[in-house]
Amino acid sequence: MAVRSICMSHDLFRLIYVSTARPGLTETDMLSILNTSQSNNEERHITGYLAHNGASFMQLIEGPRAEVEDIFGRIMKDDRHSGVVRILAECSRTRAFPLWSMNYFRVDKDGQSTKVAGTMLARRDDPVDSLMTAEAPRDLIYTFSKFIRQA
Ligand SMILES: Cc1cc2nc3c(=O)[nH]c(=O)nc-3n(C[C@H](O)[C@H](O)[C@H](O)COP(=O)(O)O)c2cc1C
């Protein structure tokens, strides 16, 4: 994954954060987040990945720097989660997840993951970490698979 330290507002930028989900979030809340995300992200050329392990969220968003920073500003103010901590912010020449406007996986208590929305292809009975495409960078697959196992 080619990474550059400086990039302009229209250059490709990637950000990952973790946050604490508001207790009692319903499936309807989640679908509402997804609906907003899918239309906004597509319009703004943002792709990404949202994982929810029951207690916490981890999200990767990537796209033009100005768009990613604007959306992240909105996300930080959202009361459906709290304690948003940015764990990665970098410029890049390529997208880690080019095809996803926003996939979402919910991981149940027994560790089973359910594809709720999105376009990503996953084979039936795949273990959680193989739900990411083979092209996705290994370090990101590792980060997300560790996270979703912490349910
Ligand atoms: C965990 C989580 C992830 C979100 N991800 C996105 C996203 O990728 N794109 C997006 O447009 N909104 C996302 N949202 C919703 C935003 O916080 C916000 O509600 C939405 O962008 C509309 O912003 P506005 O109310 O300022 O118009 C997310 C919200 C949460 C709680």
# chains A, B, ... in the order shown; residues from 1 in each chain; ligands from 1
call {"tool": "residues_near_ligand", "arguments": {"ligand": "ligand 1", "cutoff": "6 Å", "atoms": "only C-alpha atoms and all ligand atoms", "output": "ChimeraX atom specification"}}
result
/A:33,36-37,40-41,57,71,74-75,78,80-81
call {"tool": "write_last_selection", "arguments": {"atoms": "N, CA and C atoms", "output": "short mmCIF file (atom, residue, chain, number, x, y, z; two decimals), in the first residue's frame"}}
result
data_model
loop_
_atom_site.label_atom_id
_atom_site.label_comp_id
_atom_site.auth_asym_id
_atom_site.auth_seq_id
_atom_site.Cartn_x
_atom_site.Cartn_y
_atom_site.Cartn_z
N ILE A 33 -28.20 4.44 9.76
CA ILE A 33 -26.80 4.85 9.55
C ILE A 33 -26.32 4.39 8.17
N THR A 36 -27.92 6.40 5.16
CA THR A 36 -27.29 7.72 5.02
C THR A 36 -25.88 7.55 4.45
N SER A 37 -25.16 6.59 5.01
CA SER A 37 -23.77 6.40 4.60
C SER A 37 -23.67 6.02 3.13
N ASN A 40 -24.61 9.18 0.92
CA ASN A 40 -23.58 10.24 1.06
C ASN A 40 -22.25 9.80 0.50
N ASN A 41 -21.84 8.58 0.84
CA ASN A 41 -20.50 8.14 0.47
C ASN A 41 -20.37 7.97 -1.03
N PHE A 57 -17.72 0.29 17.54
CA PHE A 57 -17.60 0.39 16.08
C PHE A 57 -16.13 0.53 15.71
N ILE A 71 -16.97 14.33 6.35
CA ILE A 71 -17.84 13.25 6.87
C ILE A 71 -17.39 12.86 8.28
N ARG A 74 -18.82 15.11 10.83
CA ARG A 74 -20.23 14.79 11.12
C ARG A 74 -20.32 13.55 12.01
N ILE A 75 -19.55 12.54 11.67
CA ILE A 75 -19.58 11.27 12.41
C ILE A 75 -19.21 11.51 13.88
N ASP A 78 -22.09 12.57 16.06
CA ASP A 78 -23.28 11.69 16.06
C ASP A 78 -23.49 11.06 17.43
N ARG A 80 -25.17 8.52 18.21
CA ARG A 80 -25.37 7.06 18.21
C ARG A 80 -24.09 6.32 18.63
N HIS A 81 -23.05 7.08 18.86
CA HIS A 81 -21.83 6.51 19.45
C HIS A 81 -21.10 7.61 20.21
#
call {"tool": "closest_residue", "arguments": {"among": "A:Arg22, A:Gly73, A:Cys7, A:Val85", "to": "Gly54 in chain A", "atoms": "only C-alpha atoms"}}
result
A:Arg22
call {"tool": "closest_residue", "arguments": {"among": "A:Ser56, A:Gln150, A:Ser92, A:Thr143", "to": "Pro23 in chain A", "atoms": "only C-alpha atoms"}}
result
A:Ser56
call {"tool": "residues_around", "arguments": {"residues": "Ser9 in chain A", "least_positions_apart": "2", "cutoff": "7 Å", "atoms": "only C-alpha atoms", "output": "list of chain:residue names"}}
result
A:Cys7, A:Asp11, A:Pro64, A:Arg65, A:Ala66
call {"tool": "residues_around", "arguments": {"residues": "Phe72 in chain A", "least_positions_apart": "2", "cutoff": "12 Å", "atoms": "only C-alpha atoms", "output": "mmCIF file with C-alpha atoms, in the first residue's frame"}}
result
data_model
loop_
_atom_site.group_PDB
_atom_site.id
_atom_site.type_symbol
_atom_site.label_atom_id
_atom_site.label_comp_id
_atom_site.auth_asym_id
_atom_site.auth_seq_id
_atom_site.Cartn_x
_atom_site.Cartn_y
_atom_site.Cartn_z
ATOM 1 C CA PHE A 13 -6.971 9.971 2.221
ATOM 2 C CA ARG A 14 -7.736 7.073 4.572
ATOM 3 C CA LEU A 15 -8.958 7.217 8.137
ATOM 4 C CA ILE A 16 -9.815 4.579 10.729
ATOM 5 C CA TYR A 17 -11.487 5.241 14.064
ATOM 6 C CA VAL A 18 -13.001 3.242 16.888
ATOM 7 C CA SER A 37 -23.768 6.403 4.595
ATOM 8 C CA ASN A 41 -20.503 8.136 0.473
ATOM 9 C CA ILE A 46 -16.012 7.683 -0.296
ATOM 10 C CA GLN A 59 -14.781 2.200 10.624
ATOM 11 C CA LEU A 60 -12.448 2.777 7.718
ATOM 12 C CA ILE A 61 -13.329 5.604 5.353
ATOM 13 C CA GLU A 62 -11.293 6.615 2.339
ATOM 14 C CA GLY A 63 -11.720 9.097 -0.479
ATOM 15 C CA ARG A 65 -9.261 14.224 1.759
ATOM 16 C CA ALA A 66 -11.724 17.122 2.049
ATOM 17 C CA GLU A 67 -14.722 14.772 1.761
ATOM 18 C CA VAL A 68 -13.346 12.293 4.292
ATOM 19 C CA GLU A 69 -12.599 15.079 6.774
ATOM 20 C CA ASP A 70 -16.062 16.578 6.326
ATOM 21 C CA ARG A 74 -20.230 14.789 11.124
ATOM 22 C CA ILE A 75 -19.575 11.271 12.413
ATOM 23 C CA MET A 76 -17.787 12.615 15.514
ATOM 24 C CA LYS A 77 -20.893 14.642 16.468
ATOM 25 C CA ASP A 78 -23.276 11.695 16.056
ATOM 26 C CA VAL A 84 -14.522 8.437 18.915
ATOM 27 C CA VAL A 85 -10.773 7.813 18.681
ATOM 28 C CA ARG A 86 -8.944 8.144 15.392
ATOM 29 C CA ALA A 89 -4.994 8.844 9.148
#
call {"tool": "closest_residue", "arguments": {"among": "A:Ser145, A:His52, A:Arg44, A:Arg138", "to": "His10 in chain A", "atoms": "only C-alpha atoms"}}
result
A:Arg44
call {"tool": "atom_distance", "arguments": {"atom1": "CA of Ser82 in chain A", "atom2": "CA of Gly48 in chain A"}}
result
19.7 Å
call {"tool": "atom_distance", "arguments": {"atom1": "CA of Tyr49 in chain A", "atom2": "CA of Cys91 in chain A"}}
result
17.2 Å
call {"tool": "residues_around", "arguments": {"residues": "Phe144 in chain A", "least_positions_apart": "5", "cutoff": "9 Å", "atoms": "only C-alpha atoms", "output": "MDAnalysis selection string"}}
result
chainID A and resid 51 58:59 129 139 149
call {"tool": "atom_distance", "arguments": {"atom1": "CA of Thr94 in chain A", "atom2": "CA of Leu12 in chain A"}}
result
7.4 Å
call {"tool": "decode", "arguments": {"residues": "range 3-34 of chain A", "atoms": "N, CA and C atoms", "output": "short mmCIF file (atom, residue, chain, number, x, y, z; two decimals), in the first residue's frame"}}
result
data_model
loop_
_atom_site.label_atom_id
_atom_site.label_comp_id
_atom_site.auth_asym_id
_atom_site.auth_seq_id
_atom_site.Cartn_x
_atom_site.Cartn_y
_atom_site.Cartn_z
N VAL A 3 1.94 4.85 0.64
CA VAL A 3 1.48 5.88 1.57
C VAL A 3 2.34 7.12 1.41
N ARG A 4 1.72 8.28 1.36
CA ARG A 4 2.47 9.53 1.30
C ARG A 4 2.15 10.33 2.55
N SER A 5 3.09 11.12 3.00
CA SER A 5 2.87 11.84 4.26
C SER A 5 2.05 13.12 4.05
N ILE A 6 2.15 13.72 2.87
CA ILE A 6 1.43 14.98 2.65
C ILE A 6 0.43 14.78 1.51
N CYS A 7 -0.77 15.28 1.68
CA CYS A 7 -1.68 15.25 0.54
C CYS A 7 -2.64 16.42 0.58
N MET A 8 -3.11 16.78 -0.60
CA MET A 8 -3.97 17.95 -0.77
C MET A 8 -5.43 17.53 -0.58
N SER A 9 -6.31 18.52 -0.60
CA SER A 9 -7.72 18.25 -0.27
C SER A 9 -8.39 17.28 -1.24
N HIS A 10 -7.94 17.23 -2.49
CA HIS A 10 -8.58 16.32 -3.44
C HIS A 10 -7.86 14.96 -3.51
N ASP A 11 -6.72 14.84 -2.84
CA ASP A 11 -5.97 13.57 -2.88
C ASP A 11 -6.63 12.50 -2.00
N LEU A 12 -6.27 11.26 -2.28
CA LEU A 12 -6.85 10.13 -1.55
C LEU A 12 -6.33 10.07 -0.11
N PHE A 13 -7.27 9.93 0.79
CA PHE A 13 -6.97 9.97 2.22
C PHE A 13 -7.73 8.85 2.90
N ARG A 14 -7.11 8.22 3.88
CA ARG A 14 -7.74 7.07 4.57
C ARG A 14 -7.73 7.32 6.07
N LEU A 15 -8.83 6.97 6.69
CA LEU A 15 -8.96 7.22 8.14
C LEU A 15 -9.63 6.02 8.79
N ILE A 16 -9.14 5.63 9.95
CA ILE A 16 -9.81 4.58 10.73
C ILE A 16 -10.05 5.12 12.13
N TYR A 17 -11.24 4.88 12.66
CA TYR A 17 -11.49 5.24 14.06
C TYR A 17 -12.20 4.09 14.76
N VAL A 18 -12.17 4.14 16.08
CA VAL A 18 -13.00 3.24 16.89
C VAL A 18 -13.86 4.12 17.78
N SER A 19 -15.01 3.58 18.19
CA SER A 19 -15.92 4.34 19.06
C SER A 19 -16.77 3.36 19.85
N THR A 20 -17.45 3.89 20.85
CA THR A 20 -18.34 3.07 21.66
C THR A 20 -19.77 3.29 21.17
N ALA A 21 -20.42 2.19 20.79
CA ALA A 21 -21.81 2.30 20.30
C ALA A 21 -22.74 2.69 21.45
N ARG A 22 -23.73 3.52 21.15
CA ARG A 22 -24.72 3.86 22.18
C ARG A 22 -25.45 2.60 22.60
N PRO A 23 -25.53 2.31 23.90
CA PRO A 23 -26.21 1.09 24.32
C PRO A 23 -27.65 1.08 23.83
N GLY A 24 -28.11 -0.08 23.40
CA GLY A 24 -29.50 -0.21 22.97
C GLY A 24 -29.76 0.18 21.53
N LEU A 25 -28.71 0.37 20.73
CA LEU A 25 -28.93 0.68 19.31
C LEU A 25 -29.71 -0.46 18.67
N THR A 26 -30.71 -0.12 17.89
CA THR A 26 -31.54 -1.15 17.27
C THR A 26 -31.09 -1.40 15.84
N GLU A 27 -31.67 -2.43 15.26
CA GLU A 27 -31.42 -2.74 13.86
C GLU A 27 -31.86 -1.56 12.98
N THR A 28 -32.95 -0.92 13.39
CA THR A 28 -33.46 0.24 12.64
C THR A 28 -32.44 1.39 12.70
N ASP A 29 -31.83 1.60 13.87
CA ASP A 29 -30.78 2.63 13.97
C ASP A 29 -29.64 2.31 13.00
N MET A 30 -29.25 1.03 12.98
CA MET A 30 -28.12 0.63 12.14
C MET A 30 -28.45 0.82 10.66
N LEU A 31 -29.67 0.44 10.30
CA LEU A 31 -30.04 0.58 8.89
C LEU A 31 -30.12 2.04 8.49
N SER A 32 -30.52 2.88 9.43
CA SER A 32 -30.57 4.31 9.14
C SER A 32 -29.16 4.86 8.92
N ILE A 33 -28.20 4.44 9.76
CA ILE A 33 -26.80 4.85 9.55
C ILE A 33 -26.32 4.39 8.17
N LEU A 34 -26.65 3.15 7.85
CA LEU A 34 -26.20 2.60 6.57
C LEU A 34 -26.80 3.30 5.37
#
